[in-house]
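Chemist: File name final.txt; file contents compact mmCIF, C-alpha atoms; full text below.
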```
# COMPACT_ATOMS: atom_id res chain seq x y z
CA ARG A 23 -51.24 3.95 -7.15
CA GLU A 24 -49.89 7.08 -8.81
CA LEU A 25 -46.35 6.45 -7.52
CA LYS A 26 -46.31 3.07 -9.27
CA LYS A 27 -46.52 4.85 -12.63
CA VAL A 28 -43.29 5.53 -14.51
CA GLY A 29 -41.85 8.97 -13.82
CA VAL A 30 -44.17 9.84 -10.90
CA THR A 31 -42.42 11.11 -7.77
CA VAL A 32 -43.59 12.52 -4.43
CA GLN A 33 -42.46 15.95 -5.68
CA LEU A 34 -44.66 15.62 -8.77
CA MET A 35 -47.59 14.54 -6.60
CA TRP A 36 -47.11 17.58 -4.36
CA GLU A 37 -47.01 19.88 -7.39
CA ARG A 38 -50.32 18.43 -8.59
CA TYR A 39 -51.76 18.74 -5.07
CA ILE A 40 -50.69 22.39 -4.65
CA THR A 41 -52.23 23.40 -8.00
CA ILE A 42 -55.58 21.98 -6.84
CA HIS A 43 -55.20 23.27 -3.23
CA PRO A 44 -53.11 26.50 -3.42
CA ASP A 45 -53.50 27.11 0.33
CA GLY A 46 -52.64 23.49 1.18
CA PHE A 47 -49.56 21.94 2.75
CA LYS A 48 -46.15 23.17 1.69
CA SER A 49 -43.71 20.61 0.35
CA SER A 50 -42.12 19.64 3.69
CA GLN A 51 -45.48 19.12 5.42
CA PHE A 52 -46.82 17.20 2.42
CA ARG A 53 -43.79 14.87 2.57
CA HIS A 54 -44.19 14.50 6.36
CA HIS A 55 -47.85 13.44 6.06
CA PHE A 56 -47.06 11.26 3.04
CA LYS A 57 -44.39 9.43 5.06
CA ILE A 58 -46.82 8.80 7.94
CA TRP A 59 -49.50 7.60 5.51
CA SER A 60 -47.10 5.33 3.58
CA LYS A 61 -46.00 3.56 6.77
CA ARG A 62 -49.64 2.72 7.53
CA VAL A 63 -50.71 1.51 4.08
CA ASN A 64 -47.50 0.21 2.54
CA PRO A 65 -45.66 -2.02 5.00
CA VAL A 66 -42.30 -3.24 3.78
CA MET A 67 -40.59 -6.50 4.49
CA HIS A 68 -37.14 -6.03 5.98
CA MET A 69 -34.59 -8.44 4.56
CA ASN A 70 -31.36 -9.36 6.31
CA HIS A 71 -28.41 -9.78 3.95
CA LYS A 72 -25.15 -11.58 4.58
CA SER A 73 -22.10 -9.58 3.47
CA GLY A 74 -20.78 -10.63 0.06
CA ASP A 75 -23.70 -13.01 -0.46
CA LYS A 76 -25.71 -11.46 -3.29
CA LEU A 77 -25.30 -8.88 -6.02
CA TYR A 78 -28.66 -7.71 -7.37
CA VAL A 79 -28.60 -6.56 -11.01
CA ASP A 80 -31.17 -4.94 -13.27
CA TYR A 81 -31.74 -2.31 -15.91
CA ALA A 82 -33.50 0.69 -14.40
CA GLY A 83 -36.33 2.82 -15.66
CA LYS A 84 -36.65 4.42 -19.04
CA THR A 85 -33.89 4.53 -21.62
CA LEU A 86 -31.55 7.49 -21.43
CA SER A 87 -29.97 9.44 -24.27
CA ILE A 88 -26.35 10.36 -24.91
CA ILE A 89 -24.97 12.68 -27.56
CA ASP A 90 -21.92 11.72 -29.62
CA LYS A 91 -19.59 14.74 -29.29
CA ASN A 92 -18.12 14.20 -32.76
CA THR A 93 -21.29 13.68 -34.80
CA GLY A 94 -23.99 15.23 -32.59
CA GLU A 95 -25.98 12.02 -33.01
CA ILE A 96 -28.36 11.17 -30.16
CA LYS A 97 -28.18 7.54 -29.07
CA GLU A 98 -30.52 5.67 -26.71
CA VAL A 99 -28.74 3.83 -23.88
CA GLN A 100 -29.81 1.44 -21.14
CA PHE A 101 -29.14 2.19 -17.46
CA PHE A 102 -27.57 -0.82 -15.70
CA VAL A 103 -27.59 -0.96 -11.88
CA ALA A 104 -25.87 -3.45 -9.54
CA ILE A 105 -26.28 -3.32 -5.77
CA LEU A 106 -24.77 -5.35 -2.94
CA GLY A 107 -27.54 -6.51 -0.61
CA ALA A 108 -25.86 -6.02 2.77
CA SER A 109 -24.08 -2.70 2.25
CA GLN A 110 -26.37 -1.21 -0.42
CA HIS A 111 -23.13 -0.24 -2.21
CA THR A 112 -24.25 0.61 -5.74
CA TYR A 113 -22.69 0.58 -9.21
CA ALA A 114 -24.38 2.07 -12.28
CA GLU A 115 -23.44 2.53 -15.91
CA ALA A 116 -24.98 3.24 -19.28
CA SER A 117 -24.75 0.49 -21.87
CA MET A 118 -25.80 0.44 -25.50
CA SER A 119 -28.32 -2.40 -25.10
CA GLN A 120 -29.64 -5.09 -22.79
CA GLN A 121 -28.22 -7.80 -25.03
CA LYS A 122 -26.24 -10.64 -23.46
CA GLU A 123 -22.83 -9.22 -24.39
CA ASP A 124 -23.55 -5.78 -22.91
CA PHE A 125 -25.11 -7.35 -19.82
CA VAL A 126 -22.07 -9.56 -19.17
CA THR A 127 -19.72 -6.60 -19.69
CA SER A 128 -21.73 -4.49 -17.21
CA VAL A 129 -21.69 -7.27 -14.60
CA GLU A 130 -17.91 -7.66 -15.06
CA ASN A 131 -17.45 -3.89 -14.68
CA ALA A 132 -19.53 -3.96 -11.50
CA MET A 133 -17.40 -6.72 -9.98
CA ARG A 134 -14.23 -4.80 -10.84
CA PHE A 135 -15.76 -1.73 -9.19
CA PHE A 136 -16.65 -3.71 -6.04
CA GLU A 137 -13.22 -5.41 -6.17
CA GLY A 138 -14.71 -8.80 -5.50
CA VAL A 139 -17.16 -11.49 -6.55
CA PRO A 140 -20.40 -12.24 -4.68
CA ALA A 141 -21.61 -15.75 -3.89
CA ALA A 142 -24.59 -15.18 -6.22
CA ILE A 143 -25.72 -12.71 -8.86
CA VAL A 144 -29.47 -12.13 -8.71
CA PRO A 145 -31.07 -10.71 -11.86
CA ASP A 146 -34.60 -9.30 -11.76
CA ASN A 147 -36.09 -11.27 -14.65
CA LEU A 148 -33.84 -9.74 -17.29
CA LYS A 149 -34.30 -11.27 -20.72
CA SER A 150 -30.53 -11.15 -21.17
CA ALA A 151 -29.92 -12.97 -17.85
CA VAL A 152 -32.82 -15.43 -17.68
CA ILE A 153 -32.85 -18.11 -20.37
CA LYS A 154 -35.81 -20.10 -19.10
CA SER A 155 -37.91 -19.38 -16.02
CA SER A 156 -38.56 -22.10 -13.49
CA ARG A 157 -41.26 -21.90 -10.85
CA PHE A 158 -39.24 -24.26 -8.66
CA GLU A 159 -36.22 -21.94 -8.28
```
If you convert what's in this file into structure tokens, what do you get?
Modeler:
Amino acid sequence: RELKKVGVTVQLMWERYITIHPDGFKSSQFRHHFKIWSKRVNPVMHMNHKSGDKLYVDYAGKTLSIIDKNTGEIKEVQFFVAILGASQHTYAEASMSQQKEDFVTSVENAMRFFEGVPAAIVPDNLKSAVIKSSRFE
């Protein structure tokens, strides 16, 4: 449950564990036992992807910050990620917002990076990509 929280990693969980149990497992053993445990309690569904079929797009995690070199102003940016299903080839960029215009520009940049167009672009419920949800799609 802890790993589902924003910003929590296995490393952070080990650091919490080792402060409570100073003589406990070192990091590598903790990760080894965590991996064994996660296979038992968190089965994953393997998906087969056809090459060039789908491009999955989303904005990831928390907003990031950039600093304008000229003014020193700190600006919040969104982290756009696009991934090809079959190859797991990934494209990422920072954009100023998740608005429609920035989203379309990021998708275009991703397709230029991949040097091709997929059969389908699959957004993960982005407000800028989904106009109206349909339970039948």
Chemist: Could you please determine the separation between atom CA of A:Val32 and atom CA of A:Leu106 in Å, to one decimal place?
Modeler: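 If I compute the distance from atom CA of A:Val32 to atom CA of A:Leu106, I get 26.0 Å.
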Chemist: Which residues come within 9 Å of stretch 82-85 of chain A, counting all atoms listed in the file, excluding same-chain residues fewer than 6 positions away, as JSON, numbers by chain?
Modeler: {"A": [28, 29, 98, 99, 100, 101, 102, 103]}
Chemist: Write the residues you've just listed into a file as a PDB file, in the frame of the given file, and include C-alpha atoms for each of them.
Modeler:
```pdb
ATOM      1  CA  VAL A  28     -43.290   5.530 -14.510  1.00  0.00           C
ATOM      2  CA  GLY A  29     -41.850   8.970 -13.820  1.00  0.00           C
ATOM      3  CA  GLU A  98     -30.520   5.670 -26.710  1.00  0.00           C
ATOM      4  CA  VAL A  99     -28.740   3.830 -23.880  1.00  0.00           C
ATOM      5  CA  GLN A 100     -29.810   1.440 -21.140  1.00  0.00           C
ATOM      6  CA  PHE A 101     -29.140   2.190 -17.460  1.00  0.00           C
ATOM      7  CA  PHE A 102     -27.570  -0.820 -15.700  1.00  0.00           C
ATOM      8  CA  VAL A 103     -27.590  -0.960 -11.880  1.00  0.00           C
TER       9      VAL A 103
END
```
Chemist: Find the residues near A:Pro140: any atom within 8 Å, counting all atoms listed in the file, skip ones fewer than 2 places away on the same chain, and give them as a ChimeraX atom specification.
Modeler: /A:74-77,138,142-143
Chemist: What is the atom CA of A:Tyr113 to atom CA of A:Ala141 distance in Å?
Modeler: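 These two atoms are separated by 17.2 Å.
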Chemist: At what distance in Å, to one decimal, does atom CA of A:Ser109 lie from atom CA of A:Asp146?
Modeler: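 It comes out at 18.7 Å.
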Chemist: Which residue gives the smallest distance to A:Ala116 among A:Ser73, A:Asp80, A:Gly94, A:Met133, with only C-alpha atoms counted?
Modeler: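 Using only C-alpha atoms, the shortest distance to A:Ala116 belongs to A:Asp80.
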Chemist: List as a list in words the protein and nucleic acid residues near stretch 47-58 of chain A, meaning an atom at most 12 Å away when only C-alpha atoms are counted, but skip any in the same chain fewer than 6 places from it.
Modeler: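 In the requested form, the answer reads Leu25, Thr31, Val32, Gln33, Leu34, Met35, Trp36, Glu37, Arg38, Tyr39, Ile40, Thr41, Asn64 and Pro65 of chain A.
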Chemist: So that I can check the surroundings of A:Lys97, please list as a ChimeraX atom specification every protein, DNA and RNA residue that reaches within 7 Å of it, counting all atoms listed in the file and ignoring chain neighbours fewer than 5 positions away.
Modeler: /A:87-89
Chemist: May I have the protein, DNA and RNA residues with any atom at most 7 Å from the point (-21.0, 0.0, -7.1), counting all atoms listed in the file, written as an MDAnalysis selection string?
Modeler: chainID A and resid 104:105 111:114 132 135:136
Chemist: Give the padded box for stretch 118-134 of chain A as JSON: axis-aligned, covering all atoms listed in the file, 3 Å on each side, centre and edge lengths in Å to one decimal.
Modeler:
```
{"center_x": -21.9, "center_y": -5.1, "center_z": -17.7, "size_x": 21.4, "size_y": 17.1, "size_z": 21.5}
```
